[in-house]
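Right, one structure below, let's go through it.
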Amino acid sequence: MLRLLILLSISTAAMALPEESRIHGGVALVNLGSTLVHPKAPYVKLAKRRVTVVNEDDTWFAVVGLSVLKPKNKIELNIAWQDNTSETRSVDIANKKYAESHITIANKNKVNPPKQDWDRIIRENKRIGKAKRYWLDSKPDFAFDLPTTGRFSSLYGKKRFINTIPKNPHRGLDIAAPTGTPIYSPAKALVVDTGDFFYTGNTVLLAHGAGLVSMYSHLSRIDVKKGMELERGDVLGAIGATGRVTGPHLHWAVGLNGTWVDPIYFLTPENRPKEKAEDPAKKKN
Ligand SMILES: [Zn+2]
């Protein structure tokens, strides 16, 4: 037990911030200057969304989620300091070609939902969107543990075709394991919402501090309730095949400033999928 705790503290200490990757679906760490110049944290916005700001080694960093759904080559951060000065900072973002995946789903109602399900889907999207933008006034722990054990069955960012129809890119990391395999909170968290949703099945949404959130979908059972506070390692539910799925797996999504980003940047390298997403630019070398 003691050994486990020591290992845990080493991996946590090594990841005070997520890994930076200025690509679509990645995370930008933007140095905003010394805390000696500005002792109080600024309020930073990207478009209308509040951005997470943390003090690391006496430096303010904006920790910005970069959209894969609405990819931009450049974003502008609005920085309002507490002495009433403000500035804008632009960040260049590189393009990333993610791999494609083609799947077939036999239940046509789950692909093109019948009209009577539309209201439900819109209602649930609003609930998920609200939880995704949840702001918690505490410093987040960016060092996540893997939430479950299993095989990485689909990586983040894959351009998806369902029954040959192009869909939104995959904005999560899938981990396949038998139904009933426990799912753990990857860090300290507040349960923001839970529900049984049309697409994502039994779902748990967690807030980890500032604008950092995470989502767990297709669960066979949910073991937590809205408003509960979880410690790293607490069981929140179990792997299942509820919602729109082809088999039992966890769809794990991590959000920053209301954008689902690649969860790998919050994991230590040894916990990440080994099979790197296809990168044609690198393949040529
Ligand atoms: Zn998924």
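Quick note on naming: the chains in the structure tokens go A, B, ... in the order shown, residues restart at 1 in each chain, and ligands are numbered from 1 in order of appearance.
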- Determine, counting only C-alpha atoms, which protein, DNA and RNA residues have an atom within 9 Å of an atom of A:Ser154; residues of the same chain fewer than 3 positions away are not included. Present the result as JSON, numbers by chain. {"A": [101, 158, 170, 172, 173, 174, 175, 176, 251]}
- ligand 1: which residues are within 12 Å, counting only C-alpha atoms and all ligand atoms, as a PyMOL selection string? chain A and resi 101+152-160+168-176+199-201+215-218+241+243-254+260+262-263
With C-alpha atoms kept, could you save the residues just selected as a CSV table (one decimal), in the first residue's frame?
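Written output follows (again-v6.csv):
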chain,number,residue,atom,x,y,z
A,101,SER,CA,-12.7,4.6,-38.9
A,152,PHE,CA,-7.6,0.9,-26.2
A,153,SER,CA,-10.3,0.2,-28.9
A,154,SER,CA,-10.6,3.6,-30.5
A,155,LEU,CA,-8.3,6.7,-30.2
A,156,TYR,CA,-9.3,10.3,-30.0
A,157,GLY,CA,-9.8,12.3,-33.2
A,158,LYS,CA,-10.7,9.5,-35.6
A,159,LYS,CA,-12.8,10.7,-38.4
A,160,ARG,CA,-15.8,8.5,-38.2
A,168,ASN,CA,-18.2,14.1,-36.1
A,169,PRO,CA,-14.7,13.1,-35.2
A,170,HIS,CA,-14.3,10.8,-32.2
A,171,ARG,CA,-13.9,13.1,-29.2
A,172,GLY,CA,-12.8,10.6,-26.6
A,173,LEU,CA,-10.7,7.6,-25.9
A,174,ASP,CA,-12.4,4.2,-25.9
A,175,ILE,CA,-11.3,1.4,-23.6
A,176,ALA,CA,-12.8,-2.0,-24.2
A,199,TYR,CA,-26.4,8.1,-27.6
A,200,THR,CA,-24.0,7.8,-24.6
A,201,GLY,CA,-26.1,5.4,-22.5
A,215,MET,CA,-17.2,12.1,-19.1
A,216,TYR,CA,-17.8,8.3,-18.8
A,217,SER,CA,-20.3,6.7,-21.2
A,218,HIS,CA,-22.0,3.4,-22.0
A,241,ALA,CA,-22.8,-1.4,-23.7
A,243,GLY,CA,-26.4,3.7,-25.8
A,244,ARG,CA,-25.0,3.7,-29.3
A,245,VAL,CA,-22.3,1.0,-29.2
A,246,THR,CA,-21.0,-2.0,-31.0
A,247,GLY,CA,-19.8,-3.8,-27.8
A,248,PRO,CA,-18.9,-3.1,-24.1
A,249,HIS,CA,-16.4,-0.3,-23.7
A,250,LEU,CA,-15.8,2.9,-21.9
A,251,HIS,CA,-16.0,6.1,-23.9
A,252,TRP,CA,-13.8,8.5,-21.9
A,253,ALA,CA,-13.8,12.2,-22.7
A,254,VAL,CA,-11.9,15.0,-21.2
A,260,TRP,CA,-13.4,17.8,-25.7
A,262,ASP,CA,-7.5,14.2,-26.3
A,263,PRO,CA,-7.3,12.5,-22.8
- Closest of A:Pro273, A:Pro182, A:Pro114, A:Gly211 to A:Arg133 - atom-to-atom distances counting only C-alpha atoms: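 Selected residue with least distance to A:Arg133: A:Gly211.
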- Distance query stretch 61-63 of chain A at most 10 Å, only C-alpha atoms, self and fewer than 2 positions along chain excluded, as number ranges by chain: A: 17-18, 20, 27-34, 41-45, 51-59, 65-66, 77, 79, 211-212, 256-257
- Task: One decimal, Å: what's the distance from atom CA of A:Ser21 over to atom CA of A:Val91, could you say?
- Result: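 If I compute the distance from atom CA of A:Ser21 to atom CA of A:Val91, I get 11.7 Å.
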- Find the residue from A:Tyr98, A:Trp135, A:Tyr184, A:Phe142 that sits nearest to A:Arg232; use only C-alpha atoms when measuring.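 Smallest distance to A:Arg232 is found for A:Tyr184.
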- Task: Could you tell me which of A:Asp145, A:Ile128, A:Ile121, A:Asn163 comes closest to A:Ala106 if we count only C-alpha atoms?
- Result: A:Asn163
- Message: Applying 12 Å and only C-alpha atoms, which residues near A:Gly237 remain after dropping the ones on its own chain fewer than 6 positions away? List them as a list in words.
- Response: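 Neighbouring residues, sequence-local ones excluded: Pro147, Thr148, Thr179, Gly180, Thr181, Pro182, Ile183, Tyr184, Ser185, Thr194, Asn202, Thr203, Val204, Leu205, Met215, Tyr216, Ser217, His218, Leu219, Ser220, Arg221, Ile222, Asp223, Val224, Lys225 and Leu250 of chain A.
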Could you dump the residues just selected with C-alpha atoms as a PDB file, in the first residue's frame?
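Listed below is the output, part28.pdb:
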ATOM      1  CA  PRO A 147     -10.099   5.259 -15.309  1.00  0.00           C
ATOM      2  CA  THR A 148     -10.215   1.520 -16.060  1.00  0.00           C
ATOM      3  CA  THR A 179     -19.228  -5.610 -18.853  1.00  0.00           C
ATOM      4  CA  GLY A 180     -18.961  -5.031 -15.104  1.00  0.00           C
ATOM      5  CA  THR A 181     -15.273  -3.958 -15.108  1.00  0.00           C
ATOM      6  CA  PRO A 182     -15.054  -1.130 -12.542  1.00  0.00           C
ATOM      7  CA  ILE A 183     -14.432   2.468 -13.605  1.00  0.00           C
ATOM      8  CA  TYR A 184     -12.529   4.757 -11.222  1.00  0.00           C
ATOM      9  CA  SER A 185     -12.369   8.510 -10.874  1.00  0.00           C
ATOM     10  CA  THR A 194     -25.522  11.438 -14.338  1.00  0.00           C
ATOM     11  CA  ASN A 202     -25.520   5.448 -18.773  1.00  0.00           C
ATOM     12  CA  THR A 203     -23.250   8.448 -18.351  1.00  0.00           C
ATOM     13  CA  VAL A 204     -21.342  10.174 -15.531  1.00  0.00           C
ATOM     14  CA  LEU A 205     -19.985  13.722 -15.834  1.00  0.00           C
ATOM     15  CA  MET A 215     -17.223  12.102 -19.052  1.00  0.00           C
ATOM     16  CA  TYR A 216     -17.779   8.321 -18.776  1.00  0.00           C
ATOM     17  CA  SER A 217     -20.272   6.716 -21.185  1.00  0.00           C
ATOM     18  CA  HIS A 218     -21.997   3.390 -22.024  1.00  0.00           C
ATOM     19  CA  LEU A 219     -21.852   2.217 -18.388  1.00  0.00           C
ATOM     20  CA  SER A 220     -23.683  -0.940 -17.261  1.00  0.00           C
ATOM     21  CA  ARG A 221     -24.257   0.697 -13.884  1.00  0.00           C
ATOM     22  CA  ILE A 222     -23.723   4.065 -12.210  1.00  0.00           C
ATOM     23  CA  ASP A 223     -22.467   4.025  -8.603  1.00  0.00           C
ATOM     24  CA  VAL A 224     -22.468   7.782  -7.895  1.00  0.00           C
ATOM     25  CA  LYS A 225     -25.019  10.581  -7.592  1.00  0.00           C
ATOM     26  CA  LEU A 250     -15.846   2.943 -21.856  1.00  0.00           C
TER      27      LEU A 250
END
